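coords-v6.pdb (PDB, C-alpha atoms)
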ATOM      1  CA  MET A   1      76.706 107.736 182.233
ATOM      2  CA  ASN A   2      75.351 111.292 182.424
ATOM      3  CA  ASP A   3      71.718 112.338 182.751
ATOM      4  CA  THR A   4      71.387 113.228 179.080
ATOM      5  CA  ASN A   5      72.304 109.669 178.071
ATOM      6  CA  ILE A   6      69.772 108.242 180.532
ATOM      7  CA  GLU A   7      67.055 110.517 179.167
ATOM      8  CA  HIS A   8      67.838 109.668 175.548
ATOM      9  CA  THR A   9      67.979 105.948 176.321
ATOM     10  CA  ILE A  10      64.584 106.018 178.043
ATOM     11  CA  LEU A  11      63.119 108.147 175.230
ATOM     12  CA  ASN A  12      64.372 105.709 172.594
ATOM     13  CA  CYS A  13      62.858 102.757 174.464
ATOM     14  CA  LEU A  14      59.547 104.582 174.927
ATOM     15  CA  THR A  15      59.468 105.537 171.242
ATOM     16  CA  LYS A  16      60.232 101.997 170.065
ATOM     17  CA  VAL A  17      57.427 100.525 172.166
ATOM     18  CA  SER A  18      55.021 103.308 171.131
ATOM     19  CA  GLN A  19      55.683 102.568 167.457
ATOM     20  CA  SER A  20      54.898  98.913 168.061
ATOM     21  CA  PHE A  21      51.758  99.816 170.047
ATOM     22  CA  LEU A  22      50.497 102.006 167.212
ATOM     23  CA  ASN A  23      51.405  99.618 164.368
ATOM     24  CA  ASP A  24      50.688  96.237 165.907
ATOM     25  CA  ASP A  25      48.027  96.862 168.547
ATOM     26  CA  MET A  26      46.111  99.834 167.143
ATOM     27  CA  LYS A  27      46.675  98.873 163.464
ATOM     28  CA  ILE A  28      47.707 102.462 162.678
ATOM     29  CA  GLU A  29      50.465 102.777 160.107
ATOM     30  CA  VAL A  30      53.609 104.508 161.370
ATOM     31  CA  ILE A  31      55.016 106.692 158.598
ATOM     32  CA  ASP A  32      58.065 108.331 160.172
ATOM     33  CA  THR A  33      59.762 109.125 163.495
ATOM     34  CA  ASN A  34      61.849 112.225 164.155
ATOM     35  CA  SER A  35      63.309 114.162 167.051
ATOM     36  CA  ILE A  36      61.388 117.401 167.454
ATOM     37  CA  GLU A  37      61.896 120.550 169.429
ATOM     38  CA  LYS A  38      58.585 122.329 168.921
ATOM     39  CA  TYR A  39      55.002 121.240 169.219
ATOM     40  CA  ASP A  40      52.125 122.862 171.058
ATOM     41  CA  ILE A  41      51.468 120.533 173.993
ATOM     42  CA  ILE A  42      48.298 122.471 174.850
ATOM     43  CA  ASN A  43      46.566 120.976 171.785
ATOM     44  CA  TYR A  44      47.455 117.360 172.625
ATOM     45  CA  TYR A  45      45.866 114.643 174.741
ATOM     46  CA  LEU A  46      48.518 113.418 177.164
ATOM     47  CA  GLY A  47      49.400 110.999 179.903
ATOM     48  CA  SER A  48      52.535 110.895 182.039
ATOM     49  CA  VAL A  49      54.388 108.672 184.497
ATOM     50  CA  LYS A  50      57.599 109.032 186.469
ATOM     51  CA  PHE A  51      60.540 106.633 186.579
ATOM     52  CA  THR A  52      62.685 106.854 189.711
ATOM     53  CA  GLN A  53      65.690 105.085 191.176
ATOM     54  CA  ASP A  54      68.244 106.546 193.593
ATOM     55  CA  ASN A  55      69.258 109.816 191.906
ATOM     56  CA  ILE A  56      67.256 109.212 188.696
ATOM     57  CA  ASN A  57      63.991 111.119 188.360
ATOM     58  CA  ILE A  58      62.547 111.055 184.828
ATOM     59  CA  ILE A  59      59.045 111.976 183.690
ATOM     60  CA  CYS A  60      57.760 110.272 180.541
ATOM     61  CA  ILE A  61      54.926 111.879 178.615
ATOM     62  CA  VAL A  62      53.026 110.464 175.680
ATOM     63  CA  SER A  63      50.772 112.813 173.791
ATOM     64  CA  MET A  64      48.691 112.663 170.670
ATOM     65  CA  ASP A  65      46.794 115.073 168.481
ATOM     66  CA  LYS A  66      42.993 114.983 168.275
ATOM     67  CA  LEU A  67      42.800 112.991 165.036
ATOM     68  CA  LEU A  68      45.008 110.200 166.376
ATOM     69  CA  PHE A  69      43.330 110.301 169.791
ATOM     70  CA  ASP A  70      39.882 109.888 168.204
ATOM     71  CA  THR A  71      41.156 106.978 166.093
ATOM     72  CA  ILE A  72      42.591 105.199 169.149
ATOM     73  CA  PHE A  73      39.469 106.019 171.158
ATOM     74  CA  LYS A  74      37.318 104.216 168.569
ATOM     75  CA  VAL A  75      39.525 101.123 168.853
ATOM     76  CA  PHE A  76      38.982 101.007 172.619
ATOM     77  CA  PHE A  77      35.319 102.115 172.542
ATOM     78  CA  PRO A  78      33.778 101.145 169.181
ATOM     79  CA  GLU A  79      30.148 101.663 170.198
ATOM     80  CA  GLU A  80      28.343 104.982 170.261
ATOM     81  CA  ILE A  81      28.415 106.638 173.663
ATOM     82  CA  SER A  82      27.032 109.829 175.120
ATOM     83  CA  GLN A  83      29.074 113.021 175.213
ATOM     84  CA  GLU A  84      29.276 112.714 179.009
ATOM     85  CA  GLU A  85      30.701 109.196 178.752
ATOM     86  CA  TYR A  86      33.102 110.327 176.017
ATOM     87  CA  ASP A  87      34.373 113.207 178.167
ATOM     88  CA  GLU A  88      34.953 110.902 181.135
ATOM     89  CA  LEU A  89      36.695 108.212 179.102
ATOM     90  CA  ALA A  90      38.749 110.802 177.183
ATOM     91  CA  LEU A  91      40.304 111.891 180.481
ATOM     92  CA  ALA A  92      41.297 108.331 181.399
ATOM     93  CA  LEU A  93      42.461 106.959 178.038
ATOM     94  CA  PRO A  94      45.792 108.843 177.809
ATOM     95  CA  ASP A  95      46.713 107.481 181.252
ATOM     96  CA  GLU A  96      45.952 103.946 180.073
ATOM     97  CA  ILE A  97      48.084 104.469 176.983
ATOM     98  CA  VAL A  98      51.059 105.851 178.945
ATOM     99  CA  ASN A  99      50.738 102.974 181.438
ATOM    100  CA  THR A 100      50.846 100.502 178.564
ATOM    101  CA  VAL A 101      53.739 101.921 176.560
ATOM    102  CA  ALA A 102      55.848 103.042 179.542
ATOM    103  CA  GLY A 103      55.302  99.720 181.307
ATOM    104  CA  LEU A 104      56.284  97.754 178.218
ATOM    105  CA  SER A 105      59.292 100.038 177.699
ATOM    106  CA  ILE A 106      60.870  98.700 180.880
ATOM    107  CA  SER A 107      61.660  95.445 179.078
ATOM    108  CA  GLU A 108      63.659  97.484 176.537
ATOM    109  CA  PHE A 109      65.748  99.320 179.163
ATOM    110  CA  PRO A 110      69.452  98.489 179.448
ATOM    111  CA  THR A 111      70.324  96.396 182.509
ATOM    112  CA  GLU A 112      71.429  99.393 184.578
ATOM    113  CA  TYR A 113      67.918 100.889 184.339
ATOM    114  CA  GLU A 114      65.790  97.764 184.717
ATOM    115  CA  ASP A 115      65.147  98.506 188.420
ATOM    116  CA  LEU A 116      63.578 101.902 187.765
ATOM    117  CA  GLU A 117      60.243 102.177 189.530
ATOM    118  CA  MET A 118      57.281 103.451 187.545
ATOM    119  CA  SER A 119      54.670 105.659 189.197
ATOM    120  CA  VAL A 120      50.959 105.697 188.636
ATOM    121  CA  PRO A 121      49.913 108.243 185.991
ATOM    122  CA  LEU A 122      50.643 111.811 187.026
ATOM    123  CA  ALA A 123      48.308 114.772 186.767
ATOM    124  CA  PHE A 124      49.887 117.856 185.211
ATOM    125  CA  LYS A 125      48.369 121.106 184.188
ATOM    126  CA  LYS A 126      49.165 121.614 180.533
ATOM    127  CA  SER A 127      50.177 125.201 181.284
ATOM    128  CA  ALA A 128      52.913 123.961 183.666
ATOM    129  CA  LEU A 129      54.178 121.526 181.052
ATOM    130  CA  LYS A 130      54.164 124.287 178.454
ATOM    131  CA  ILE A 131      56.444 126.385 180.694
ATOM    132  CA  LEU A 132      58.831 123.447 181.210
ATOM    133  CA  LYS A 133      58.826 122.845 177.471
ATOM    134  CA  GLN A 134      59.581 126.504 176.739
ATOM    135  CA  ASN A 135      62.487 126.348 179.179
ATOM    136  CA  GLY A 136      64.059 123.502 177.214
ATOM    137  CA  ARG A 137      63.424 120.775 179.772
ATOM    138  CA  PHE A 138      61.875 118.381 177.213
ATOM    139  CA  ILE A 139      63.429 116.032 174.711
ATOM    140  CA  SER A 140      60.860 114.618 172.304
ATOM    141  CA  LYS A 141      60.321 112.325 169.367
ATOM    142  CA  GLU A 142      57.315 112.550 167.093
ATOM    143  CA  ILE A 143      55.840 109.442 165.551
ATOM    144  CA  LYS A 144      53.921 110.457 162.443
ATOM    145  CA  THR A 145      51.153 108.046 161.558
ATOM    146  CA  ALA A 146      48.556 107.787 158.839
ATOM    147  CA  LYS A 147      46.042 109.046 161.421
ATOM    148  CA  GLY A 148      47.945 111.846 163.174
ATOM    149  CA  SER A 149      50.833 112.618 165.454
ATOM    150  CA  PHE A 150      52.033 110.774 168.598
ATOM    151  CA  VAL A 151      54.794 112.385 170.654
ATOM    152  CA  CYS A 152      57.018 110.744 173.271
ATOM    153  CA  SER A 153      58.722 113.204 175.625
ATOM    154  CA  ILE A 154      61.090 113.028 178.568
ATOM    155  CA  ILE A 155      61.626 115.638 181.252
TER     156      ILE A 155
END

As structure tokens, the full file:
Amino acid sequence: MNDTNIEHTILNCLTKVSQSFLNDDMKIEVIDTNSIEKYDIINYYLGSVKFTQDNINIICIVSMDKLLFDTIFKVFFPEEISQEEYDELALALPDEIVNTVAGLSISEFPTEYEDLEMSVPLAFKKSALKILKQNGRFISKEIKTAKGSFVCSII
């Protein structure tokens, strides 16, 4: 199997689990899912992890727009909090989401990928990701919901 097939397989698994996470766990209606080529990653909240095994090295990114992020944030933190607490928690929440959906995605992987090792969440500068995206290194699927946009990407 070539790298492109591995990347698409992992992306499809990540997208399937993300749809379930949004619909079932967050109670946010999923409206549609499409492959996309363009979105401005700078304006999204994101978390990322790496899957590795022998010669496989894949980075999975989940990102969401502000409206969806705020909706999910309120599910996790329903009480009023200070702006300082919000800022701190807003940095950590995307990592928790990527840990959840990427970790659960492993159970959806075909047998030949079930031994992939998942890293802890990675820290990326959005500007570096934007350059990778502009150079065509991303494949992405957008999950449109009633509360905003959630994007699963693979590098």

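Near (63.0, 115.9, 165.2), the residues inside the 7 Å limit, counting only C-alpha atoms, come to A:Asn34, A:Ser35, A:Ile36, A:Glu37, A:Lys141, A:Glu142.
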
Decode the PyMOL selection byres ((chain A and resi 68) around 12) for the given file into explicit residues and return them as a VMD selection string. chain A and resid 22 26 to 30 44 to 46 63 to 67 69 to 75 94 143 to 151

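The space between CA of Glu112 in chain A and CA of Ser140 in chain A spans 22.2 Å.
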
Apply the PyMOL selection byres ((chain A and resi 120) around 10) to the displayed file and report the matching residues as a ChimeraX atom specification. /A:48-51,95,98-99,117-119,121-123

Straight-line distance linking CA of Phe77 in chain A with CA of Tyr39 in chain A, stated in Å to one decimal: 27.6 Å

Which neighbours of Thr52 in chain A fall inside 9 Å, counting all atoms listed in the file, when residues of the same chain fewer than 3 positions from it are skipped, and could you give them as a short mmCIF file (atom, residue, chain, number, x, y, z; two decimals) with C-alpha atoms, in the frame of the given file?
data_model
loop_
_atom_site.label_atom_id
_atom_site.label_comp_id
_atom_site.auth_asym_id
_atom_site.auth_seq_id
_atom_site.Cartn_x
_atom_site.Cartn_y
_atom_site.Cartn_z
CA ASN A 55 69.26 109.82 191.91
CA ILE A 56 67.26 109.21 188.70
CA ASN A 57 63.99 111.12 188.36
CA ILE A 58 62.55 111.06 184.83
CA ILE A 59 59.04 111.98 183.69
CA ASP A 115 65.15 98.51 188.42
CA LEU A 116 63.58 101.90 187.76
CA GLU A 117 60.24 102.18 189.53
CA MET A 118 57.28 103.45 187.54
CA SER A 119 54.67 105.66 189.20
#

Report as JSON lines the residues of range 10-83 of chain A within 6 Å of range 101-107 of chain A, each with its shortest atom pair and distance in Å (one decimal), using only C-alpha atoms, ordered by chain and increasing residue number.
{"residue": "A:Cys13", "atom": "CA", "partner": "A:Ser105", "partner_atom": "CA", "distance": 5.5}
{"residue": "A:Leu14", "atom": "CA", "partner": "A:Ser105", "partner_atom": "CA", "distance": 5.3}
{"residue": "A:Val17", "atom": "CA", "partner": "A:Ser105", "partner_atom": "CA", "distance": 5.9}
{"residue": "A:Ser18", "atom": "CA", "partner": "A:Val101", "partner_atom": "CA", "distance": 5.7}

Written file, previous selection with C-alpha atoms, as a tab-separated table (two decimals), in the frame of the given file:
chain	number	residue	atom	x	y	z
A	13	CYS	CA	62.86	102.76	174.46
A	14	LEU	CA	59.55	104.58	174.93
A	17	VAL	CA	57.43	100.52	172.17
A	18	SER	CA	55.02	103.31	171.13

Suppose you want the space between CA of Glu88 in chain A and CA of Phe76 in chain A; what is it in Å? 13.7 Å

Rank A:Ile31, A:Ile42, A:Cys60, A:Leu89 by their smallest atom-to-atom distance to Arg137 in chain A, using all atoms listed in the file, and report the top residue only. A:Cys60

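For the choices A:Asp54, A:Asp25, A:Glu79, A:Glu85, the atom-to-atom distance to Ile97 in chain A is smallest for A:Asp25 when using all atoms listed in the file.
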
Write out as AutoDock Vina command-line options an axis-aligned box for range 102-108 of chain A: all of its atoms listed in the file, 4 Å added on each side, centre and edge lengths in Å with one decimal.
--center_x 59.5 --center_y 99.2 --center_z 178.9 --size_x 16.4 --size_y 15.6 --size_z 12.8

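Nearest to Ile6 in chain A of all the residues A:Cys152, A:Ser82, A:Leu91, A:Gln53 is A:Gln53, based on all atoms listed in the file.
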